[in-house]
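Content type mmCIF, C-alpha atoms and all ligand atoms, from the file start_1.cif:
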```cif
data_start
#
loop_
_atom_site.label_atom_id
_atom_site.label_comp_id
_atom_site.auth_asym_id
_atom_site.auth_seq_id
_atom_site.Cartn_x
_atom_site.Cartn_y
_atom_site.Cartn_z
CA MET I 1 36.69 0.52 76.28
CA ALA I 2 35.29 1.36 72.87
CA SER I 3 34.77 -2.18 71.60
CA ILE I 4 31.33 -3.73 71.28
CA LYS I 5 29.94 -5.28 74.45
CA LYS I 6 30.14 -9.05 74.69
CA ARG I 7 26.95 -11.06 75.23
CA ILE I 8 27.08 -13.04 78.47
CA VAL I 9 24.89 -15.95 79.60
CA ILE I 10 25.07 -16.91 83.28
CA VAL I 11 24.22 -20.44 84.43
CA ALA I 12 23.53 -20.79 88.16
CA SER I 13 21.98 -23.24 90.62
CA GLY I 14 21.90 -21.38 93.90
CA SER I 15 21.79 -18.02 95.59
CA GLY I 16 23.31 -16.24 92.61
CA SER I 17 25.53 -13.82 94.50
CA ASN I 18 28.29 -14.25 91.90
CA ALA I 19 25.72 -13.77 89.13
CA GLN I 20 24.65 -10.57 90.90
CA ALA I 21 28.24 -9.31 91.09
CA ILE I 22 28.61 -9.79 87.32
CA ILE I 23 25.20 -8.24 86.55
CA ASP I 24 26.12 -5.22 88.71
CA ALA I 25 29.56 -4.87 87.10
CA CYS I 26 27.97 -4.88 83.63
CA ALA I 27 25.50 -2.20 84.77
CA LYS I 28 28.38 -0.07 86.13
CA GLU I 29 30.31 -0.80 82.92
CA THR I 30 33.30 -2.18 84.81
CA VAL I 31 32.61 -5.28 82.72
CA ASN I 32 32.49 -4.63 78.97
CA GLY I 33 29.52 -6.91 78.45
CA SER I 34 25.84 -7.39 79.03
CA VAL I 35 24.09 -10.31 80.65
CA VAL I 36 21.58 -11.39 78.02
CA LYS I 37 20.13 -14.34 79.95
CA LEU I 38 20.38 -16.22 83.24
CA ILE I 39 19.59 -19.93 83.20
CA SER I 40 19.07 -22.06 86.30
CA ASN I 41 18.60 -25.81 86.65
CA VAL I 42 16.86 -25.32 90.02
CA PRO I 43 13.25 -24.04 89.90
CA ASN I 44 13.33 -22.00 93.10
CA ALA I 45 16.89 -20.72 92.91
CA GLU I 46 17.36 -17.23 94.31
CA ALA I 47 19.49 -16.56 91.20
CA LEU I 48 16.23 -16.46 89.16
CA THR I 49 14.71 -13.88 91.52
CA ARG I 50 17.84 -11.76 91.26
CA ALA I 51 17.68 -11.88 87.45
CA ALA I 52 14.06 -10.76 87.49
CA GLN I 53 14.90 -7.89 89.86
CA SER I 54 17.67 -6.76 87.51
CA ASN I 55 15.45 -7.08 84.40
CA ILE I 56 17.60 -9.89 83.00
CA PRO I 57 15.67 -12.50 80.96
CA SER I 58 15.81 -15.85 82.71
CA ASN I 59 14.73 -19.41 82.32
CA CYS I 60 14.71 -22.59 84.35
CA ILE I 61 15.65 -25.93 82.85
CA ASP I 62 14.96 -28.39 85.65
CA HIS I 63 17.48 -31.22 85.26
CA LYS I 64 15.08 -33.53 87.14
CA ILE I 65 12.68 -33.73 84.19
CA PHE I 66 15.36 -35.23 81.91
CA SER I 67 15.93 -38.96 81.72
CA ASP I 68 19.69 -38.63 81.34
CA ARG I 69 22.51 -36.10 81.61
CA ASP I 70 23.04 -35.75 77.87
CA SER I 71 19.45 -34.71 77.16
CA PHE I 72 19.66 -32.06 79.89
CA ASP I 73 22.91 -30.78 78.37
CA VAL I 74 21.30 -30.64 74.89
CA ALA I 75 18.37 -28.61 76.26
CA LEU I 76 20.76 -26.30 78.12
CA ALA I 77 22.78 -25.75 74.94
CA GLU I 78 19.60 -24.92 72.98
CA GLU I 79 18.62 -22.38 75.60
CA ILE I 80 22.10 -20.84 75.45
CA ASP I 81 22.31 -20.80 71.65
CA ALA I 82 18.95 -19.02 71.37
CA VAL I 83 20.65 -15.80 72.55
CA GLN I 84 23.97 -16.27 70.69
CA PRO I 85 26.31 -15.41 73.58
CA ASP I 86 30.03 -14.76 73.33
CA ILE I 87 30.69 -15.94 76.89
CA ILE I 88 29.03 -18.50 79.19
CA VAL I 89 29.65 -18.05 82.92
CA LEU I 90 29.02 -20.87 85.41
CA ALA I 91 28.24 -19.18 88.74
CA GLY I 92 27.51 -21.73 91.44
CA PHE I 93 26.30 -24.22 88.84
CA MET I 94 26.13 -27.67 90.40
CA ARG I 95 25.79 -30.16 87.53
CA ILE I 96 28.68 -31.89 85.82
CA LEU I 97 28.60 -31.12 82.08
CA SER I 98 29.27 -33.64 79.30
CA ASP I 99 32.45 -33.56 77.21
CA GLU I 100 30.32 -32.66 74.16
CA PHE I 101 28.81 -29.65 75.92
CA VAL I 102 32.19 -28.40 77.11
CA ALA I 103 33.77 -28.94 73.65
CA LYS I 104 31.04 -26.85 72.04
CA TYR I 105 31.84 -23.79 74.18
CA LEU I 106 35.57 -24.36 74.76
CA GLY I 107 37.36 -21.08 75.44
CA LYS I 108 34.06 -19.26 76.08
CA LEU I 109 33.12 -21.14 79.27
CA LEU I 110 34.28 -19.96 82.72
CA ASN I 111 33.73 -21.37 86.22
CA ILE I 112 34.49 -20.23 89.75
CA HIS I 113 35.39 -23.01 92.15
CA PRO I 114 35.71 -22.44 95.92
CA SER I 115 39.22 -23.79 96.48
CA LEU I 116 42.80 -23.03 95.57
CA LEU I 117 42.90 -25.43 92.63
CA PRO I 118 44.38 -27.95 92.01
CA LYS I 119 43.57 -28.55 95.69
CA TYR I 120 40.04 -29.80 96.49
CA THR I 121 38.30 -30.44 93.21
CA GLY I 122 34.66 -31.53 93.56
CA MET I 123 32.29 -30.80 96.41
CA ARG I 124 32.47 -29.79 100.12
CA THR I 125 35.70 -27.84 99.71
CA TYR I 126 35.22 -25.75 102.88
CA GLN I 127 34.69 -28.77 105.13
CA ARG I 128 37.73 -30.48 103.64
CA ALA I 129 39.92 -27.38 104.21
CA LEU I 130 38.73 -27.19 107.85
CA ASP I 131 39.21 -30.95 108.39
CA ASN I 132 42.79 -30.66 107.13
CA GLU I 133 43.44 -27.63 109.38
CA ASP I 134 44.56 -25.58 106.38
CA HIS I 135 45.75 -22.07 107.21
CA GLU I 136 44.54 -20.66 103.92
CA HIS I 137 41.70 -21.34 101.54
CA GLY I 138 40.34 -19.49 98.56
CA THR I 139 38.74 -19.56 95.17
CA SER I 140 39.77 -20.07 91.55
CA VAL I 141 38.37 -18.81 88.26
CA HIS I 142 39.22 -21.23 85.46
CA PHE I 143 38.37 -22.11 81.89
CA VAL I 144 36.07 -25.13 81.87
CA THR I 145 37.50 -28.17 80.11
CA PRO I 146 36.16 -31.75 80.08
CA GLU I 147 38.28 -32.56 83.13
CA LEU I 148 36.14 -31.66 86.16
CA ASP I 149 37.60 -28.61 87.94
CA GLY I 150 40.75 -29.35 85.96
CA GLY I 151 40.70 -26.53 83.41
CA PRO I 152 43.54 -23.99 83.56
CA VAL I 153 43.32 -21.42 86.35
CA ILE I 154 43.10 -17.76 85.34
CA LEU I 155 43.00 -16.06 88.74
CA GLN I 156 42.83 -17.09 92.39
CA ALA I 157 42.13 -15.24 95.62
CA LYS I 158 43.30 -16.45 99.02
CA VAL I 159 41.74 -15.94 102.44
CA PRO I 160 43.00 -16.91 105.90
CA VAL I 161 41.39 -19.79 107.80
CA PHE I 162 40.97 -18.99 111.50
CA GLU I 163 41.09 -21.62 114.22
CA ASP I 164 37.43 -21.68 115.20
CA ASP I 165 36.02 -21.04 111.71
CA THR I 166 32.79 -22.69 110.66
CA VAL I 167 31.99 -23.64 107.07
CA ASP I 168 29.64 -20.65 106.84
CA GLU I 169 32.21 -18.17 108.13
CA LEU I 170 34.85 -19.46 105.74
CA ALA I 171 32.39 -19.50 102.83
CA SER I 172 31.35 -15.90 103.39
CA ARG I 173 34.99 -14.80 103.60
CA VAL I 174 35.68 -16.57 100.28
CA LYS I 175 32.56 -15.12 98.65
CA VAL I 176 33.69 -11.53 99.29
CA GLN I 177 36.76 -12.34 97.18
CA GLU I 178 34.75 -14.19 94.53
CA HIS I 179 32.61 -11.11 93.94
CA LYS I 180 35.79 -9.14 93.19
CA ILE I 181 37.74 -11.59 91.02
CA TYR I 182 34.94 -13.10 88.93
CA PRO I 183 33.82 -9.80 87.32
CA LEU I 184 37.48 -8.93 86.73
CA VAL I 185 38.14 -12.17 84.84
CA VAL I 186 34.85 -11.92 82.92
CA ASN I 187 35.95 -8.46 81.80
CA TRP I 188 39.31 -9.85 80.65
CA LEU I 189 37.46 -12.35 78.46
CA CYS I 190 35.12 -9.60 77.21
CA ASN I 191 38.17 -7.61 76.14
CA ASP I 192 39.90 -10.66 74.60
CA ARG I 193 42.80 -10.41 77.06
CA ILE I 194 42.58 -14.07 78.08
CA ALA I 195 42.33 -17.10 75.84
CA LEU I 196 42.36 -20.89 76.04
CA ILE I 197 44.94 -22.33 73.63
CA ASP I 198 45.86 -26.05 73.64
CA MET I 199 44.06 -26.38 77.02
CA LYS I 200 46.29 -23.70 78.56
CA ALA I 201 45.29 -20.23 79.73
CA PHE I 202 46.97 -17.19 78.15
CA PHE I 203 46.90 -13.56 79.31
CA ASP I 204 47.89 -10.91 76.74
CA GLY I 205 49.59 -13.66 74.74
CA GLN I 206 51.59 -15.07 77.69
CA GLU I 207 50.93 -18.52 79.11
CA LEU I 208 49.74 -18.26 82.71
CA PRO I 209 51.35 -20.31 85.49
CA GLU I 210 49.46 -23.06 87.35
CA CYS I 211 47.98 -20.62 89.89
CA GLY I 212 46.90 -18.13 87.25
CA TYR I 213 47.69 -14.45 86.88
CA ALA I 214 48.88 -13.95 90.45
CA SER I 215 49.09 -16.26 93.41
CA ASP I 216 49.68 -13.82 96.27
N1 LIG I 301 31.69 -29.73 83.86
C1 LIG I 301 32.88 -30.03 83.31
N2 LIG I 301 32.86 -30.88 82.27
N3 LIG I 301 34.06 -29.52 83.74
C2 LIG I 301 34.06 -28.69 84.81
O1 LIG I 301 35.22 -28.21 85.22
C3 LIG I 301 32.85 -28.34 85.45
C4 LIG I 301 31.66 -28.90 84.93
C5 LIG I 301 30.43 -28.61 85.54
C6 LIG I 301 30.38 -27.81 86.66
C7 LIG I 301 31.47 -26.54 88.48
C8 LIG I 301 32.09 -27.44 89.57
C9 LIG I 301 32.63 -26.66 90.76
O2 LIG I 301 32.99 -25.48 90.64
C10 LIG I 301 31.55 -27.28 87.19
C11 LIG I 301 32.78 -27.53 86.58
C12 LIG I 301 29.23 -29.77 90.33
C13 LIG I 301 29.90 -30.94 90.69
C14 LIG I 301 29.14 -32.20 91.03
O3 LIG I 301 29.71 -33.17 91.50
C15 LIG I 301 31.27 -30.94 90.68
C16 LIG I 301 31.96 -29.80 90.31
C17 LIG I 301 31.29 -28.63 89.94
C18 LIG I 301 29.93 -28.63 89.96
N4 LIG I 301 27.81 -32.24 90.81
C19 LIG I 301 26.93 -33.38 91.06
C20 LIG I 301 26.56 -34.07 89.74
O4 LIG I 301 26.29 -35.27 89.82
C21 LIG I 301 25.64 -32.96 91.70
C22 LIG I 301 25.83 -32.35 93.04
C23 LIG I 301 24.56 -31.68 93.58
O5 LIG I 301 23.57 -31.53 92.83
O6 LIG I 301 24.56 -31.27 94.75
O7 LIG I 301 26.47 -33.41 88.69
O8 LIG I 301 32.79 -27.25 91.85
C1 LIG I 302 30.26 -20.00 95.04
O1 LIG I 302 30.99 -19.86 96.23
C2 LIG I 302 31.00 -20.89 94.06
O2 LIG I 302 32.40 -20.83 94.21
C3 LIG I 302 30.50 -22.24 94.44
O3 LIG I 302 29.17 -22.08 94.86
C4 LIG I 302 28.98 -20.76 95.32
C5 LIG I 302 27.80 -20.17 94.61
O4 LIG I 302 27.37 -19.02 95.25
N1 LIG I 302 30.56 -23.13 93.34
C6 LIG I 302 30.53 -24.42 93.48
O5 LIG I 302 30.58 -24.97 94.55
C7 LIG I 302 30.44 -25.18 92.18
N2 LIG I 302 30.37 -26.57 92.49
P1 LIG I 302 26.36 -18.03 94.54
O6 LIG I 302 25.18 -18.88 94.04
O7 LIG I 302 25.94 -17.11 95.62
O8 LIG I 302 27.09 -17.37 93.44
#
```
So that I can check it, write out the structure of this file as C-alpha cells.
Amino acid sequence: MASIKKRIVIVASGSGSNAQAIIDACAKETVNGSVVKLISNVPNAEALTRAAQSNIPSNCIDHKIFSDRDSFDVALAEEIDAVQPDIIVLAGFMRILSDEFVAKYLGKLLNIHPSLLPKYTGMRTYQRALDNEDHEHGTSVHFVTPELDGGPVILQAKVPVFEDDTVDELASRVKVQEHKIYPLVVNWLCNDRIALIDMKAFFDGQELPECGYASD
C-alpha cells in the first residue's frame, strides 16, 4: 500500500499480547501504520516492558493517583494528543472511559472484547461462557462508543469450548484468534476501509451486519 502510514497509539492494562501482535504486524508492514506510543494505566504492566523491547515510546498514567474518572480521562487524552495519532487501539484496557473521551475519538477508537458480542458484555466473559455450558466462545473487534461494549462489531472470531475446559485454556484459545483478527482490523482502519457512520460500522461503504464482516 502506497499511502502514508497511520499513527497508532495503543492503550493497554495487562500482558500486552494484543499490543505485541499489532507492533509486530506494523514492523512486518502487514499493518499500514506505526505504533507511535503505548500507554498503560498499570505501572507494572508487561505491556510496558514489551513496548520498551520493541523500541516503542511508552508511558504510564496510573489511574490510582487521580481523584475521579474524568481527571484520569483528561490526562489520558493529553498523553494521546501529544503524539497526534490517527488511530487509538484499546488492547486489554480495563478502565471504563467517559462519554466525553469516547466522543473525542469517535471513529478512531477500537477495542477487542473477549466474547461474541452482543453476548457477555463486561467482565469475566470466559467464566460466564463455561458456566452456561456454551459450545462456542470467541472475540469481537468493535468501534468504541459511549455504550460499554456496545459499539458496532467489525469482526469476530469463534473458537470451540470443550467439555473440561478451564478459563485459562479457553482464554489462550481465544487469544490465538485475537492476535490474527486485531491486526487485520487495525489495517482496515489504517487503509480507510472501515468507518463509523451514525454509530454503525461500514466496510468499503457497505453497512456491516450485527456480527461484523463475517460470522463463520
Ligand atoms: N469505554 C467505553 N465508553 N465504551 C467501551 O465500549 C469501552 C470503554 C472502556 C473499555 C474495554 C472493555 C472490554 O473489552 C472498554 C470498552 C473494562 C470494564 C470495566 O468494568 C468493562 C469493559 C471493558 C473494560 N472496568 C472496571 C471499571 O470500573 C474496572 C475493572 C478492573 O480494573 O478490573 O472501570 O471488556
Ligand atoms: C484480551 O483477551 C482482551 O480481549 C481482553 O483482555 C485480554 C488482554 O490480553 N480485554 C478485556 O477483557 C477488556 N475488558 P493482552 O493484554 O495480552 O492483550
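Interatomic distance, atom CA of Pro43 of chain I to atom CA of Cys60 of chain I: 5.9 Å.
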Compile the contact shell of Tyr182 of chain I as a list in words: residues with an atom at most 9 Å away, counting all atoms listed in the file, same-chain residues fewer than 6 positions apart removed. Asn18, Ala21, Ile22, Asn111, Ile112, Ser140, Val141 and Leu155 of chain I
Rounded to one decimal place, report the atom CA of Asn132 of chain I-atom CA of Glu163 of chain I distance in Å.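 Result for atom CA of Asn132 of chain I versus atom CA of Glu163 of chain I: 11.6 Å, one decimal.
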Within 8 Å of ligand LIG 301 (chain I), which residues show up when you count only C-alpha atoms and all ligand atoms? List them as a VMD selection string, please. chain I and resid 90 92 to 99 101 to 102 111 to 114 121 to 123 143 to 151
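Proximity ranking of I:Val35, I:Ile10, I:Leu48, I:Ala75 relative to Ile88 of chain I places I:Ile10 first, based on only C-alpha atoms.
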Identify, on the basis of all atoms listed in the file, every residue whose closest approach to Arg7 of chain I does not exceed 12 Å; exclude the query and any residue fewer than 5 positions from it along the same chain; express the result as a ChimeraX atom specification. /I:23,26,31-38,80-89,108,186-187,189-191
Could you work out how far atom CA of His137 of chain I lies from atom CA of Ser172 of chain I, giving the answer in Å with one decimal?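 Separating atom CA of Ser172 of chain I from atom CA of His137 of chain I is a distance of 11.8 Å.
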Between I:Ile65, I:Leu196, I:Leu116, I:Ile154, single out the one closest to ligand LIG 302 (chain I), counting only C-alpha atoms and all ligand atoms. I:Leu116
For each of I:Lys104, I:Arg69, I:Lys175, I:Arg128, take the minimum atom-to-atom distance to ligand LIG 302 (chain I), counting only C-alpha atoms and all ligand atoms, then give the residue where this is smallest.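 When distances to ligand LIG 302 (chain I) are compared using only C-alpha atoms and all ligand atoms, the smallest one comes from I:Lys175.
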Ranking I:Val42, I:Leu130, I:Ala77, I:Ala103 by minimum distance to ligand LIG 302 (chain I) and counting only C-alpha atoms and all ligand atoms, which one comes first?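 For ligand LIG 302 (chain I), the nearest of the given residues is I:Val42.
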Considering only C-alpha atoms and all ligand atoms, state which residue in the set I:Phe72, I:Phe162, I:Phe66, I:Tyr126 is at the smallest distance from ligand LIG 302 (chain I).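 Counting only C-alpha atoms and all ligand atoms, the residue closest to ligand LIG 302 (chain I) is I:Tyr126.
Closest approach to Glu133 of chain I among I:Asp164, I:Glu79, I:Glu210, I:Glu46 is made by I:Asp164 (distances from all atoms listed in the file).
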Selection: 9 Å around Ser54 of chain I, all atoms listed in the file, excl. self and same-chain fewer than 5 positions, as a PyMOL selection string: chain I and resi 20+23-24+49
Residues from the last selection, C-alpha atoms, saved as a short mmCIF file (atom, residue, chain, number, x, y, z; two decimals), in the frame of the given file:
```cif
data_model
loop_
_atom_site.label_atom_id
_atom_site.label_comp_id
_atom_site.auth_asym_id
_atom_site.auth_seq_id
_atom_site.Cartn_x
_atom_site.Cartn_y
_atom_site.Cartn_z
CA GLN I 20 24.65 -10.57 90.90
CA ILE I 23 25.20 -8.24 86.55
CA ASP I 24 26.12 -5.22 88.71
CA THR I 49 14.71 -13.88 91.52
#
```
Mind completing segment 92-116 of chain I with N, CA and C atoms? Output as a PDB file, in the coordinates of the input, please?
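To be explicit, this is the file written out as out-v2.pdb:
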```pdb
ATOM      1  N   GLY I  92      28.183 -20.875  90.476  1.00  0.00           N
ATOM      2  CA  GLY I  92      27.510 -21.730  91.440  1.00  0.00           C
ATOM      3  C   GLY I  92      26.606 -22.728  90.742  1.00  0.00           C
ATOM      4  N   PHE I  93      27.062 -23.210  89.591  1.00  0.00           N
ATOM      5  CA  PHE I  93      26.300 -24.220  88.840  1.00  0.00           C
ATOM      6  C   PHE I  93      26.750 -25.598  89.319  1.00  0.00           C
ATOM      7  N   MET I  94      25.797 -26.458  89.655  1.00  0.00           N
ATOM      8  CA  MET I  94      26.130 -27.670  90.400  1.00  0.00           C
ATOM      9  C   MET I  94      25.962 -28.972  89.631  1.00  0.00           C
ATOM     10  N   ARG I  95      25.911 -28.920  88.313  1.00  0.00           N
ATOM     11  CA  ARG I  95      25.790 -30.160  87.530  1.00  0.00           C
ATOM     12  C   ARG I  95      27.021 -30.364  86.656  1.00  0.00           C
ATOM     13  N   ILE I  96      27.553 -31.566  86.688  1.00  0.00           N
ATOM     14  CA  ILE I  96      28.680 -31.890  85.820  1.00  0.00           C
ATOM     15  C   ILE I  96      28.199 -31.884  84.365  1.00  0.00           C
ATOM     16  N   LEU I  97      28.972 -31.253  83.489  1.00  0.00           N
ATOM     17  CA  LEU I  97      28.600 -31.120  82.080  1.00  0.00           C
ATOM     18  C   LEU I  97      29.346 -32.146  81.224  1.00  0.00           C
ATOM     19  N   SER I  98      28.675 -32.617  80.175  1.00  0.00           N
ATOM     20  CA  SER I  98      29.270 -33.640  79.300  1.00  0.00           C
ATOM     21  C   SER I  98      30.445 -33.061  78.509  1.00  0.00           C
ATOM     22  N   ASP I  99      31.310 -33.965  78.046  1.00  0.00           N
ATOM     23  CA  ASP I  99      32.450 -33.560  77.210  1.00  0.00           C
ATOM     24  C   ASP I  99      31.966 -32.828  75.966  1.00  0.00           C
ATOM     25  N   GLU I 100      30.844 -33.281  75.392  1.00  0.00           N
ATOM     26  CA  GLU I 100      30.320 -32.660  74.160  1.00  0.00           C
ATOM     27  C   GLU I 100      29.909 -31.215  74.436  1.00  0.00           C
ATOM     28  N   PHE I 101      29.230 -31.005  75.565  1.00  0.00           N
ATOM     29  CA  PHE I 101      28.810 -29.650  75.920  1.00  0.00           C
ATOM     30  C   PHE I 101      30.026 -28.746  76.081  1.00  0.00           C
ATOM     31  N   VAL I 102      31.003 -29.219  76.838  1.00  0.00           N
ATOM     32  CA  VAL I 102      32.190 -28.400  77.110  1.00  0.00           C
ATOM     33  C   VAL I 102      32.937 -28.112  75.801  1.00  0.00           C
ATOM     34  N   ALA I 103      33.051 -29.123  74.921  1.00  0.00           N
ATOM     35  CA  ALA I 103      33.770 -28.940  73.650  1.00  0.00           C
ATOM     36  C   ALA I 103      33.114 -27.849  72.818  1.00  0.00           C
ATOM     37  N   LYS I 104      31.788 -27.814  72.848  1.00  0.00           N
ATOM     38  CA  LYS I 104      31.040 -26.850  72.040  1.00  0.00           C
ATOM     39  C   LYS I 104      31.376 -25.405  72.424  1.00  0.00           C
ATOM     40  N   TYR I 105      31.633 -25.159  73.704  1.00  0.00           N
ATOM     41  CA  TYR I 105      31.840 -23.790  74.180  1.00  0.00           C
ATOM     42  C   TYR I 105      33.283 -23.552  74.665  1.00  0.00           C
ATOM     43  N   LEU I 106      34.188 -24.441  74.283  1.00  0.00           N
ATOM     44  CA  LEU I 106      35.570 -24.360  74.760  1.00  0.00           C
ATOM     45  C   LEU I 106      36.165 -22.967  74.511  1.00  0.00           C
ATOM     46  N   GLY I 107      36.752 -22.405  75.552  1.00  0.00           N
ATOM     47  CA  GLY I 107      37.360 -21.080  75.440  1.00  0.00           C
ATOM     48  C   GLY I 107      36.385 -19.941  75.736  1.00  0.00           C
ATOM     49  N   LYS I 108      35.084 -20.281  75.772  1.00  0.00           N
ATOM     50  CA  LYS I 108      34.060 -19.260  76.080  1.00  0.00           C
ATOM     51  C   LYS I 108      33.410 -19.538  77.423  1.00  0.00           C
ATOM     52  N   LEU I 109      33.820 -20.634  78.084  1.00  0.00           N
ATOM     53  CA  LEU I 109      33.120 -21.140  79.270  1.00  0.00           C
ATOM     54  C   LEU I 109      34.012 -20.994  80.495  1.00  0.00           C
ATOM     55  N   LEU I 110      33.535 -20.197  81.482  1.00  0.00           N
ATOM     56  CA  LEU I 110      34.280 -19.960  82.720  1.00  0.00           C
ATOM     57  C   LEU I 110      33.540 -20.558  83.910  1.00  0.00           C
ATOM     58  N   ASN I 111      34.327 -20.922  84.955  1.00  0.00           N
ATOM     59  CA  ASN I 111      33.730 -21.370  86.220  1.00  0.00           C
ATOM     60  C   ASN I 111      34.495 -20.754  87.378  1.00  0.00           C
ATOM     61  N   ILE I 112      33.800 -20.599  88.506  1.00  0.00           N
ATOM     62  CA  ILE I 112      34.490 -20.230  89.750  1.00  0.00           C
ATOM     63  C   ILE I 112      34.290 -21.369  90.733  1.00  0.00           C
ATOM     64  N   HIS I 113      35.408 -21.840  91.274  1.00  0.00           N
ATOM     65  CA  HIS I 113      35.390 -23.010  92.150  1.00  0.00           C
ATOM     66  C   HIS I 113      35.984 -22.623  93.511  1.00  0.00           C
ATOM     67  N   PRO I 114      35.271 -22.938  94.605  1.00  0.00           N
ATOM     68  CA  PRO I 114      35.710 -22.440  95.920  1.00  0.00           C
ATOM     69  C   PRO I 114      36.847 -23.227  96.552  1.00  0.00           C
ATOM     70  N   SER I 115      37.989 -23.244  95.878  1.00  0.00           N
ATOM     71  CA  SER I 115      39.220 -23.790  96.480  1.00  0.00           C
ATOM     72  C   SER I 115      40.394 -23.235  95.705  1.00  0.00           C
ATOM     73  N   LEU I 116      41.569 -23.417  96.271  1.00  0.00           N
ATOM     74  CA  LEU I 116      42.800 -23.030  95.570  1.00  0.00           C
ATOM     75  C   LEU I 116      43.217 -24.224  94.710  1.00  0.00           C
TER      76      LEU I 116
END
```
